[in-house]
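> Provided herewith: final-v6.txt, compact mmCIF, C-alpha atoms.
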```txt
# COMPACT_ATOMS: atom_id res chain seq x y z
CA MET K 1 0.00 0.00 0.00
CA ILE K 2 1.23 3.48 -0.77
CA LEU K 3 0.48 6.21 1.63
CA PHE K 4 0.61 9.88 0.87
CA LEU K 5 0.65 12.29 3.71
CA LYS K 6 -0.43 15.89 3.49
CA PHE K 7 -0.48 18.32 6.33
CA LYS K 8 -2.38 21.47 7.00
CA GLN K 9 -1.54 22.35 10.55
CA GLN K 10 1.89 22.43 12.02
CA GLY K 11 2.30 20.18 15.07
CA GLN K 12 5.19 19.92 17.47
CA ILE K 13 8.43 19.59 15.50
CA LEU K 14 10.13 16.27 16.04
CA PHE K 15 13.62 15.45 14.82
CA LEU K 16 13.65 11.88 13.60
CA ASP K 17 16.92 10.04 13.81
CA GLN K 18 17.80 6.39 14.34
CA GLU K 19 20.01 7.17 17.32
CA ARG K 20 17.96 9.84 19.01
CA HIS K 21 15.63 9.01 21.82
CA ILE K 22 12.26 10.77 21.72
CA ASP K 23 9.28 10.64 24.02
CA VAL K 24 6.10 10.36 22.01
CA ASP K 25 2.71 11.37 23.32
CA PRO K 26 0.16 9.25 21.46
CA LYS K 27 -2.36 12.15 21.58
CA GLU K 28 0.04 14.70 20.13
CA LYS K 29 0.42 15.61 16.45
CA TYR K 30 3.96 15.99 15.13
CA PHE K 31 5.76 17.58 12.27
CA ILE K 32 8.66 15.29 11.39
CA LEU K 33 12.06 16.65 10.47
CA LEU K 34 14.16 13.95 8.87
CA SER K 35 17.72 13.67 10.11
CA PRO K 36 20.40 13.82 7.38
CA SER K 37 21.11 10.18 8.31
CA LEU K 38 17.76 9.31 6.69
CA TYR K 39 18.41 10.80 3.29
CA TRP K 40 21.09 11.43 0.71
CA ILE K 41 21.58 14.87 -0.72
CA LYS K 42 23.35 16.06 -3.83
CA LYS K 43 23.81 19.57 -5.15
CA VAL K 44 24.12 19.66 -8.93
CA THR K 45 24.22 22.19 -11.70
CA LEU K 46 22.46 20.95 -14.80
CA PRO K 47 21.40 22.46 -18.11
CA LEU K 48 17.79 21.89 -17.11
CA LYS K 49 15.13 24.40 -16.20
CA TYR K 50 12.54 22.54 -14.17
CA THR K 51 12.68 20.34 -11.09
CA HIS K 52 10.46 17.69 -12.66
CA GLU K 53 13.03 17.30 -15.45
CA VAL K 54 15.74 16.78 -12.86
CA LYS K 55 13.58 14.34 -10.94
CA LYS K 56 13.38 12.15 -14.02
CA ILE K 57 17.15 11.73 -14.11
CA ALA K 58 17.69 11.81 -10.33
CA ALA K 59 18.16 8.04 -10.08
CA THR K 60 21.02 8.13 -12.61
CA LEU K 61 22.71 10.97 -10.74
CA PHE K 62 22.84 8.83 -7.60
CA GLU K 63 23.94 5.73 -9.47
CA GLU K 64 26.71 3.82 -7.71
CA ILE K 65 26.40 6.11 -4.68
CA LEU K 66 23.28 4.82 -3.02
CA PRO K 67 23.15 1.46 -1.26
CA GLU K 68 20.70 -0.98 -2.77
CA GLY K 69 17.05 -0.12 -2.08
CA ASN K 70 13.95 1.59 -3.43
CA TYR K 71 14.43 5.32 -3.42
CA ASN K 72 12.18 8.26 -3.99
CA TYR K 73 13.59 11.59 -5.05
CA TYR K 74 12.77 15.15 -4.12
CA VAL K 75 14.24 18.06 -6.09
CA VAL K 76 14.34 21.72 -5.20
CA LYS K 77 15.88 24.54 -7.19
CA GLN K 78 18.46 26.77 -5.50
CA ASN K 79 19.58 29.67 -7.64
CA ASP K 80 21.34 28.02 -10.61
CA SER K 81 21.67 24.62 -9.07
CA PHE K 82 19.39 21.85 -7.86
CA LEU K 83 19.30 20.09 -4.52
CA ILE K 84 18.35 16.48 -4.99
CA PHE K 85 17.23 14.35 -2.06
CA ALA K 86 17.11 10.56 -2.17
CA TYR K 87 15.19 8.77 0.56
CA GLN K 88 13.61 5.43 1.29
CA ASP K 89 9.97 5.67 2.26
CA SER K 90 9.98 2.23 3.83
CA LYS K 91 12.98 3.08 6.01
CA ILE K 92 11.36 6.30 7.32
CA LEU K 93 8.03 4.59 7.89
CA SER K 94 9.72 1.77 9.72
CA LEU K 95 11.57 4.21 11.97
CA LEU K 96 8.36 6.13 12.69
CA SER K 97 6.81 2.87 13.72
CA GLN K 98 9.81 1.95 15.88
CA LYS K 99 9.57 5.27 17.67
CA GLY K 100 5.87 4.67 18.34
CA ILE K 101 4.58 7.44 16.04
CA GLY K 102 1.37 6.54 14.32
CA LEU K 103 0.79 7.87 10.81
CA GLY K 104 -2.29 9.67 12.06
CA GLN K 105 -0.08 11.72 14.36
CA VAL K 106 2.08 12.97 11.52
CA ARG K 107 1.16 16.44 10.28
CA GLY K 108 4.01 16.73 7.83
CA ILE K 109 7.43 15.42 6.89
CA SER K 110 10.37 17.41 5.62
CA PHE K 111 14.13 17.26 5.45
CA ALA K 112 16.24 18.86 8.18
CA GLN K 113 17.93 20.72 5.31
CA PHE K 114 14.93 23.01 4.86
CA ALA K 115 14.48 23.71 8.56
CA CYS K 116 18.14 24.69 8.90
CA GLU K 117 18.29 27.17 6.03
CA ASN K 118 18.69 30.13 8.37
CA LEU K 119 20.54 28.23 11.08
CA ASP K 120 23.86 29.71 12.19
CA GLU K 121 24.70 27.47 15.10
CA SER K 122 25.00 23.73 15.62
CA ILE K 123 22.25 21.76 17.35
CA GLN K 124 22.98 18.87 19.67
CA ILE K 125 21.08 15.86 18.44
CA ASN K 126 22.48 13.24 20.80
CA GLU K 127 25.69 12.61 22.71
CA LYS K 128 27.63 11.78 19.56
CA TYR K 129 26.27 14.11 16.89
CA VAL K 130 25.29 17.66 16.21
CA LEU K 131 23.32 19.04 13.33
CA SER K 132 25.28 21.68 11.51
CA LYS K 133 25.63 23.25 8.07
CA GLU K 134 28.66 22.87 5.85
CA ASP K 135 28.61 24.70 2.49
CA GLY K 136 24.87 25.24 2.91
CA ILE K 137 24.14 21.53 3.42
CA ALA K 138 22.75 20.31 6.76
CA LEU K 139 24.86 17.43 8.05
CA LEU K 140 25.24 15.28 11.15
CA LEU K 141 28.72 15.83 12.45
CA PRO K 142 30.57 14.49 15.52
CA SER K 143 29.75 16.62 18.54
CA VAL K 144 33.39 16.64 19.60
CA TRP K 145 34.09 19.05 16.72
CA PHE K 146 31.75 21.62 18.14
CA GLN K 147 31.56 23.58 21.32
CA ASN K 148 28.57 25.45 22.73
CA SER K 149 26.03 23.58 20.58
CA LYS K 150 22.47 24.39 21.47
CA SER K 151 20.04 21.72 22.48
CA PHE K 152 17.20 20.94 20.07
CA ASP K 153 14.61 22.46 22.43
CA GLU K 154 16.54 25.74 22.62
CA VAL K 155 16.28 26.38 18.90
CA GLU K 156 13.09 27.71 17.40
CA LEU K 157 12.56 25.84 14.18
CA GLN K 158 9.78 26.48 11.70
CA ALA K 159 8.15 23.66 9.81
CA PRO K 160 9.39 24.01 6.23
CA LYS K 161 7.00 24.55 3.37
CA GLN K 162 8.70 21.85 1.34
CA GLN K 163 7.25 18.56 2.38
CA ILE K 164 7.39 15.00 1.14
CA HIS K 165 4.66 12.42 0.94
CA LEU K 166 5.60 8.94 1.99
CA GLU K 167 4.56 6.02 -0.12
CA GLN K 168 4.09 3.14 2.23
CA PHE K 169 4.51 0.30 -0.22
CA SER K 170 6.61 1.91 -2.87
CA HIS K 171 9.10 -0.93 -2.54
CA ILE K 172 6.39 -3.36 -3.71
CA VAL K 173 4.62 -1.35 -6.38
CA ASP K 174 5.49 2.10 -7.59
CA SER K 175 2.98 4.90 -8.16
CA LYS K 176 3.34 4.82 -11.93
CA THR K 177 2.35 1.16 -12.07
CA LEU K 178 -0.51 1.85 -9.71
CA TYR K 179 -1.80 4.72 -11.83
CA LYS K 180 -1.52 2.50 -14.90
CA VAL K 181 -3.64 -0.08 -13.06
CA VAL K 182 -6.15 2.67 -12.16
CA VAL K 183 -6.34 3.77 -15.81
CA LEU K 184 -6.73 0.16 -16.93
CA LEU K 185 -9.47 -0.45 -14.38
CA LEU K 186 -11.22 2.74 -15.42
CA LEU K 187 -11.03 1.62 -19.03
CA PHE K 188 -12.54 -1.74 -18.13
CA ILE K 189 -15.23 -0.04 -16.07
CA ALA K 190 -16.04 2.29 -18.97
CA LEU K 191 -16.13 -0.66 -21.37
CA PHE K 192 -18.35 -2.79 -19.17
CA THR K 193 -20.58 0.19 -18.35
CA ALA K 194 -21.06 0.77 -22.08
CA GLU K 195 -21.86 -2.93 -22.48
CA TYR K 196 -24.26 -2.75 -19.54
CA ILE K 197 -26.05 0.26 -21.05
CA TYR K 198 -26.25 -1.56 -24.39
CA PHE K 199 -27.83 -4.62 -22.75
CA LEU K 200 -30.17 -2.37 -20.77
CA GLN K 201 -31.34 -0.77 -23.99
CA GLN K 202 -31.74 -4.19 -25.60
CA LYS K 203 -33.83 -5.25 -22.61
CA GLU K 204 -36.05 -2.22 -22.95
CA GLN K 205 -36.41 -2.83 -26.69
CA ILE K 206 -37.51 -6.41 -26.08
CA GLN K 207 -39.95 -5.17 -23.46
CA GLN K 208 -41.40 -2.70 -25.97
CA LYS K 209 -41.55 -5.39 -28.68
CA ARG K 210 -43.32 -7.68 -26.23
CA GLU K 211 -45.87 -4.99 -25.38
CA ALA K 212 -46.42 -4.30 -29.09
CA LEU K 213 -46.87 -8.03 -29.73
CA PHE K 214 -49.43 -8.37 -26.92
CA SER K 215 -51.31 -5.37 -28.18
CA GLU K 216 -51.19 -6.46 -31.86
CA TYR K 217 -52.41 -9.98 -31.17
CA LYS K 218 -54.79 -8.86 -28.41
CA LEU K 219 -53.24 -11.26 -25.95
CA LYS K 220 -54.05 -11.62 -22.28
CA PRO K 221 -51.64 -9.86 -19.91
CA THR K 222 -49.70 -12.96 -18.89
CA LEU K 223 -48.14 -15.69 -20.96
CA MET K 224 -49.66 -18.28 -18.64
CA GLN K 225 -53.19 -17.10 -19.46
CA ASN K 226 -52.43 -17.18 -23.17
CA ARG K 227 -50.92 -20.63 -22.92
CA ALA K 228 -54.06 -21.84 -21.14
CA ILE K 229 -56.26 -20.44 -23.94
CA LEU K 230 -53.95 -21.97 -26.55
CA ALA K 231 -54.13 -25.35 -24.78
CA LYS K 232 -57.93 -25.11 -24.82
CA TYR K 233 -57.95 -24.39 -28.55
CA LYS K 234 -55.44 -27.16 -29.25
CA LYS K 235 -57.59 -29.61 -27.33
CA GLU K 236 -60.61 -28.51 -29.33
CA ASP K 237 -58.68 -28.85 -32.58
CA THR K 238 -57.43 -32.32 -31.66
CA LYS K 239 -60.99 -33.36 -30.84
CA ALA K 240 -62.29 -32.01 -34.16
CA ARG K 241 -59.56 -33.84 -36.08
CA LYS K 242 -60.14 -37.08 -34.18
CA LEU K 243 -63.91 -36.87 -34.67
CA ARG K 244 -63.49 -36.32 -38.40
CA THR K 245 -60.96 -39.17 -38.73
CA TYR K 246 -62.96 -41.66 -36.64
CA ILE K 247 -66.24 -40.94 -38.40
CA ASN K 248 -64.40 -41.41 -41.68
CA TYR K 249 -63.06 -44.78 -40.42
CA PHE K 250 -66.59 -45.91 -39.56
CA LEU K 251 -68.19 -44.70 -42.77
CA LYS K 252 -65.52 -46.09 -45.08
CA ALA K 253 -65.28 -49.49 -43.40
CA ASN K 254 -65.47 -52.63 -45.53
CA TYR K 255 -69.14 -53.59 -44.95
CA SER K 256 -70.60 -56.87 -46.20
CA LYS K 257 -74.13 -57.19 -47.40
CA GLY K 258 -76.68 -56.44 -44.67
CA GLU K 259 -74.16 -54.88 -42.32
CA ARG K 260 -74.89 -51.25 -41.63
CA ILE K 261 -74.72 -48.40 -39.15
CA LEU K 262 -77.94 -47.73 -37.28
CA SER K 263 -76.83 -44.64 -35.47
CA LEU K 264 -73.85 -42.47 -34.70
CA GLU K 265 -73.75 -40.30 -31.60
CA TYR K 266 -71.13 -37.87 -30.36
CA ASN K 267 -71.61 -36.07 -27.04
CA GLY K 268 -68.42 -34.05 -26.88
CA SER K 269 -66.19 -36.75 -25.47
CA VAL K 270 -67.36 -40.15 -26.71
CA LEU K 271 -68.36 -41.31 -30.19
CA GLU K 272 -70.84 -44.16 -30.06
CA VAL K 273 -71.73 -46.15 -33.19
CA VAL K 274 -74.50 -48.74 -33.27
CA PHE K 275 -74.20 -51.47 -35.89
CA LYS K 276 -76.85 -53.82 -37.19
CA ASN K 277 -76.12 -57.30 -38.44
CA VAL K 278 -72.55 -57.09 -37.26
CA LYS K 279 -71.03 -59.69 -34.98
CA GLU K 280 -68.08 -59.09 -32.71
CA GLU K 281 -65.83 -61.27 -34.84
CA ASP K 282 -66.57 -59.00 -37.82
CA LEU K 283 -65.18 -55.97 -36.02
CA LYS K 284 -61.56 -56.79 -36.90
CA ARG K 285 -62.50 -56.40 -40.54
CA LEU K 286 -64.74 -53.39 -40.10
CA LEU K 287 -62.58 -51.50 -37.67
CA SER K 288 -59.16 -52.54 -39.00
CA ARG K 289 -58.06 -48.94 -39.17
CA PHE K 290 -58.71 -48.44 -35.45
CA TYR K 291 -56.70 -51.58 -34.63
CA LYS K 292 -53.87 -50.52 -36.93
CA ALA K 293 -53.69 -47.09 -35.30
CA LYS K 294 -53.95 -48.75 -31.86
CA ILE K 295 -57.01 -46.69 -30.93
CA ALA K 296 -58.82 -48.12 -27.93
CA ILE K 297 -62.42 -49.13 -28.62
CA LYS K 298 -65.07 -50.50 -26.33
CA THR K 299 -67.77 -52.85 -27.57
CA LYS K 300 -71.02 -54.07 -26.11
CA THR K 301 -73.97 -55.98 -27.47
CA LYS K 302 -77.58 -55.00 -26.95
CA ALA K 303 -80.20 -57.34 -28.43
CA ASP K 304 -79.14 -57.78 -32.08
CA LYS K 305 -77.13 -54.57 -32.07
CA LEU K 306 -73.41 -54.15 -31.60
CA ILE K 307 -72.36 -50.91 -29.95
CA VAL K 308 -68.84 -49.52 -30.37
CA GLU K 309 -67.51 -46.63 -28.28
CA VAL K 310 -64.43 -44.57 -29.00
CA LYS K 311 -63.12 -41.86 -26.72
CA ILE K 312 -62.42 -38.63 -28.50
CA MET Y 313 -4.37 15.05 6.93
CA ASN Y 314 -3.92 11.86 4.94
CA ARG Y 315 -4.26 12.14 1.19
CA LEU Y 316 -6.45 9.52 -0.47
CA ASN Y 317 -4.42 6.41 -0.91
CA PRO Y 318 -4.19 5.33 -4.58
CA LEU Y 319 -4.38 1.73 -3.50
CA TYR Y 320 -7.74 2.49 -1.93
CA ILE Y 321 -8.77 3.83 -5.31
CA VAL Y 322 -7.55 0.61 -6.94
CA VAL Y 323 -9.47 -1.47 -4.41
CA LEU Y 324 -12.55 0.73 -4.88
CA LEU Y 325 -12.30 0.42 -8.64
CA LEU Y 326 -11.82 -3.33 -8.36
CA VAL Y 327 -14.92 -3.60 -6.20
CA ALA Y 328 -16.79 -1.39 -8.69
CA LEU Y 329 -15.53 -3.56 -11.54
CA LEU Y 330 -16.59 -6.75 -9.79
CA PHE Y 331 -19.99 -5.27 -9.03
CA LEU Y 332 -20.31 -4.18 -12.65
CA LEU Y 333 -19.34 -7.64 -13.88
CA PHE Y 334 -21.89 -9.18 -11.55
CA GLU Y 335 -24.58 -6.79 -12.80
CA LEU Y 336 -23.50 -7.41 -16.38
CA SER Y 337 -23.81 -11.13 -15.94
CA ASN Y 338 -27.25 -10.62 -14.36
CA ILE Y 339 -28.51 -8.40 -17.14
CA LYS Y 340 -27.12 -10.79 -19.77
CA SER Y 341 -29.02 -13.71 -18.31
CA GLU Y 342 -32.13 -11.53 -17.87
CA LEU Y 343 -31.84 -10.49 -21.51
CA LYS Y 344 -31.46 -14.11 -22.59
CA GLU Y 345 -34.54 -15.05 -20.58
CA GLN Y 346 -36.49 -12.11 -21.99
CA GLU Y 347 -35.49 -13.00 -25.53
CA ALA Y 348 -36.53 -16.60 -24.99
CA ALA Y 349 -39.79 -15.43 -23.39
CA TYR Y 350 -40.39 -13.11 -26.33
CA GLN Y 351 -39.83 -15.94 -28.81
CA VAL Y 352 -42.27 -18.11 -26.86
CA SER Y 353 -44.80 -15.24 -26.72
CA GLN Y 354 -44.44 -14.76 -30.46
CA THR Y 355 -45.03 -18.45 -31.16
CA VAL Y 356 -47.98 -18.56 -28.76
CA ALA Y 357 -49.42 -15.37 -30.28
CA LYS Y 358 -49.20 -16.71 -33.84
CA GLU Y 359 -50.63 -20.10 -32.91
CA LEU Y 360 -53.36 -18.46 -30.89
CA LEU Y 361 -54.26 -16.19 -33.76
CA GLY Y 362 -54.55 -19.20 -36.07
CA TYR Y 363 -56.78 -21.10 -33.66
CA LYS Y 364 -58.85 -18.01 -32.87
CA LYS Y 365 -59.58 -17.61 -36.57
CA LEU Y 366 -60.61 -21.26 -36.75
CA TYR Y 367 -62.60 -21.72 -33.57
CA GLY Y 368 -63.02 -18.33 -31.92
CA ASP Y 369 -64.25 -16.14 -34.75
CA LYS Y 370 -67.99 -16.18 -34.19
CA ASN Y 371 -68.74 -14.09 -37.27
CA ARG Y 372 -66.71 -16.31 -39.59
CA ILE Y 373 -68.36 -19.46 -38.22
CA GLU Y 374 -71.85 -18.01 -38.51
CA ARG Y 375 -71.25 -16.61 -41.96
CA SER Y 376 -69.79 -19.76 -43.45
CA LEU Y 377 -72.35 -22.02 -41.75
CA LYS Y 378 -75.14 -19.99 -43.26
CA LYS Y 379 -73.44 -20.30 -46.63
CA ILE Y 380 -73.29 -24.09 -46.27
CA LEU Y 381 -76.90 -24.36 -45.13
CA ALA Y 382 -78.08 -22.29 -48.06
CA GLN Y 383 -76.73 -24.78 -50.56
CA ARG Y 384 -79.19 -26.38 -52.99
CA SER Y 385 -78.23 -29.95 -52.06
CA LEU Y 386 -79.52 -29.36 -48.52
CA LYS Y 387 -82.90 -27.86 -49.41
CA SER Y 388 -84.64 -31.25 -49.50
CA ALA Y 389 -83.39 -32.01 -45.97
CA LYS Y 390 -85.68 -29.32 -44.49
CA LEU Y 391 -83.10 -28.41 -41.91
CA LYS Y 392 -84.33 -26.65 -38.78
CA VAL Y 393 -81.69 -24.19 -37.72
CA THR Y 394 -81.79 -22.67 -34.24
CA GLN Y 395 -79.27 -19.99 -33.57
CA LYS Y 396 -78.18 -19.03 -30.07
CA ARG Y 397 -75.66 -16.46 -28.87
CA ASP Y 398 -72.80 -18.94 -28.83
CA ALA Y 399 -74.17 -21.93 -30.69
CA MET Y 400 -76.08 -23.15 -33.70
CA LEU Y 401 -78.32 -26.22 -33.67
CA ILE Y 402 -79.08 -27.97 -36.96
CA VAL Y 403 -81.84 -30.58 -36.87
CA SER Y 404 -83.49 -32.67 -39.55
CA ASP Y 405 -86.04 -35.47 -39.16
CA ALA Y 406 -85.15 -36.95 -42.51
CA ILE Y 407 -82.07 -35.99 -44.42
CA ASP Y 408 -81.13 -38.08 -47.41
CA LEU Y 409 -77.73 -39.72 -47.32
CA TYR Y 410 -76.39 -37.65 -50.21
CA ALA Y 411 -77.26 -34.38 -48.44
CA LEU Y 412 -75.96 -35.75 -45.11
CA ASN Y 413 -72.67 -36.70 -46.70
CA SER Y 414 -72.38 -33.28 -48.33
CA LEU Y 415 -73.17 -31.48 -45.06
CA LEU Y 416 -70.77 -33.54 -42.93
CA THR Y 417 -67.96 -33.24 -45.47
CA LYS Y 418 -68.27 -29.47 -45.41
CA ILE Y 419 -68.56 -29.27 -41.62
CA PHE Y 420 -65.56 -31.52 -40.99
CA ASN Y 421 -63.39 -29.93 -43.61
CA GLY Y 422 -64.24 -26.44 -42.47
CA ALA Y 423 -62.99 -26.73 -38.89
CA TYR Y 424 -66.16 -26.00 -36.94
CA PRO Y 425 -66.31 -26.60 -33.21
CA VAL Y 426 -68.72 -29.54 -33.18
CA LYS Y 427 -70.03 -30.08 -29.66
CA ALA Y 428 -72.57 -32.78 -30.35
CA LEU Y 429 -73.65 -34.91 -33.29
CA SER Y 430 -76.38 -37.47 -33.61
CA ILE Y 431 -77.23 -39.40 -36.76
CA GLU Y 432 -79.87 -42.08 -36.66
CA ALA Y 433 -80.87 -44.13 -39.67
CA VAL Y 434 -84.53 -43.80 -40.54
CA ASP Y 435 -84.44 -46.10 -43.52
CA GLU Y 436 -81.84 -47.09 -46.09
CA LYS Y 437 -81.89 -43.70 -47.78
CA SER Y 438 -82.44 -41.17 -45.00
CA ALA Y 439 -81.47 -40.38 -41.44
CA LYS Y 440 -82.35 -38.15 -38.49
CA LEU Y 441 -79.76 -35.51 -37.77
CA ARG Y 442 -78.92 -33.34 -34.80
CA LEU Y 443 -75.76 -31.24 -35.03
CA GLU Y 444 -74.63 -28.70 -32.46
CA ILE Y 445 -71.86 -26.27 -33.19
CA ARG Y 446 -70.71 -24.12 -30.26
CA TRP Y 447 -68.03 -21.40 -30.32
```
Could you show the structure in this file as structure tokens?


Amino acid sequence: MILFLKFKQQGQILFLDQERHIDVDPKEKYFILLSPSLYWIKKVTLPLKYTHEVKKIAATLFEEILPEGNYNYYVVKQNDSFLIFAYQDSKILSLLSQKGIGLGQVRGISFAQFACENLDESIQINEKYVLSKEDGIALLLPSVWFQNSKSFDEVELQAPKQQIHLEQFSHIVDSKTLYKVVVLLLLFIALFTAEYIYFLQQKEQIQQKREALFSEYKLKPTLMQNRAILAKYKKEDTKARKLRTYINYFLKANYSKGERILSLEYNGSVLEVVFKNVKEEDLKRLLSRFYKAKIAIKTKTKADKLIVEVKI
Amino acid sequence: MNRLNPLYIVVLLLVALLFLLFELSNIKSELKEQEAAYQVSQTVAKELLGYKKLYGDKNRIERSLKKILAQRSLKSAKLKVTQKRDAMLIVSDAIDLYALNSLLTKIFNGAYPVKALSIEAVDEKSAKLRLEIRW
């Protein structure tokens, strides 16, 4: 994760150094001044005009100087030259954590260099080192070289305007990659949103077509109702076809002399045919078509009449 | 004050993307269902229209039945026609077999909703008829 820190209010100024003991109040907000031991600084004169141009080549300027690690660079212009700072976000964040300073307590972070711009004397940082300026560059120097150094609390330091934003996971993924991922995700989101809108429109079109269809064919509001009506009509149609076919079978049967139909009755579900002079054994001949089509028939005899029933 | 973490933006966008993909998949399946339902509705509508014309069009049934009954071949049958709001009853005490055959052929080929039919032989050449068509 990358964390950027931005600060509006100045808190108590705290000098952050590996070898300096500090008492941290968890309720207090702090402005962090980074000790020169936490960054590398280089003053260069380049045929470039802008700091962002210098920042692009900063890594090459520190080549073979910096120990291995992931560095971020901060550039500031000073007259005709540039001051380039190289620092490791992870190292600073780790030290903040070691010292018990939560990120929420940090109001701002800057280099000691900026706070010491108008400093004329040396400041005692710990027993071994003092903070002093040599050729305009703030450095940690052995305290034995200096006499009458002031303590940190004696000096009134102002929080510098120049601040850095720490990227918490810059050693895992750099900002550029992350922004590329953001752009890619936004592109995908735009693409899928467009697809979603297209499908939404298609859905609405189908809905409209469906409404038009229902209105054109004067259908009932639900498909279930229409299916029920269709089923009713289909049943009726099947019955009509069956009735026509079965009556045709009866009328076009192979009758022998004397054999005839006395009556034919259909009541909506059953077709009953009464034969005269027909015996049960003659039915195979007369009703061969029913047998061939495996249509169930019921027969009964009443006096000299043979009655055949077929379900429609 | 902490500036908005770009990784939070990435996570937010990822969540948005996942949500969008979920919604997209939902709308795709809804669309598929709607298309299928529309196809079914279209088939049902067309079939229904066909059947309605055959069995549900009262005017067509009445008109064509009257046309059939007015035919010359049926005059001798002295058909008694009773018309109700949703049905027509055709009765004859003695219809000759030629006329009966002609009438039944036309009725069965014309797709009329026959509700009841009764034919009873009177003699070798004629029969009693009772035909009910209901729509």

> Would you pick out the contacts of Ile164 in chain K at 8 Å or less, using only C-alpha atoms, so that residues sharing its chain but fewer than 6 positions from it are not included, and give the list as a list of chain:residue names?

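After dropping sequence-adjacent residues, the list is K:Leu5, K:Tyr74, K:Gly108, K:Ile109, K:Ser110.
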
> Leaving out Tyr424 in chain Y and any residue of its chain fewer than 5 positions from it, which residues lie within 9 Å of it when counting all atoms listed in the file, given as a list of chain:residue names?

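Listing them by chain and then by number gives K:Ala240, Y:Leu366, Y:Tyr367, Y:Ile373, Y:Leu377, Y:Ile419, Y:Ile445, Y:Arg446, Y:Trp447.
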
> Residues of chain Y within 7 Å of chain K, counting only C-alpha atoms, what are they? List them as a ChimeraX atom specification.

/Y:313-315,317-319,322,325,329,332,336,339-340,343,347,350,353,356-357,360-361,363,420,425-433

> Taking into account all atoms listed in the file, which residue in the set Y:Val352, Y:Leu409, Y:Leu326, Y:Ala399 is nearest to Gly368 in chain Y?

Y:Ala399

> What does the structure give for the distance between CA of Tyr39 in chain K and CA of Tyr87 in chain K, in Å to one decimal?

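If I compute the distance from CA of Tyr39 in chain K to CA of Tyr87 in chain K, I get 4.7 Å.
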
> Excluding range 404-407 of chain Y and its own-chain neighbours fewer than 2 positions away, which residues fall within 9 Å of it when counting only C-alpha atoms? Please give them as an MDAnalysis selection string.

chainID Y and resid 386 388:393 402 409:412 433:434 437:442

> Would you mind reading off the distance between CA of Tyr73 in chain K and CA of Phe85 in chain K, one decimal, in Å?

5.5 Å

> Quick one: everything within 7 Å of Thr45 in chain K, counting all atoms listed in the file, minus sequence neighbours fewer than 4 positions away in the same chain. Send it as a VMD selection string.

chain K and resid 80 to 82

> Counting only C-alpha atoms, which residues have an atom no more than 12 Å from (9.5, 3.5, 8.0) in the file's coordinates? Please list them as a ChimeraX atom specification.

/K:3,16-18,34,38,87-103,166-171

> To one decimal in Å, tell me the separation between CA of Lys279 in chain K and CA of Leu443 in chain Y.

28.8 Å

> When distances are computed from only C-alpha atoms, which of K:Ala115, K:Ile137, K:Val130, K:Leu287 shows the smallest separation from Lys150 in chain K?

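The shortest atom-to-atom distance to Lys150 in chain K comes from K:Val130.
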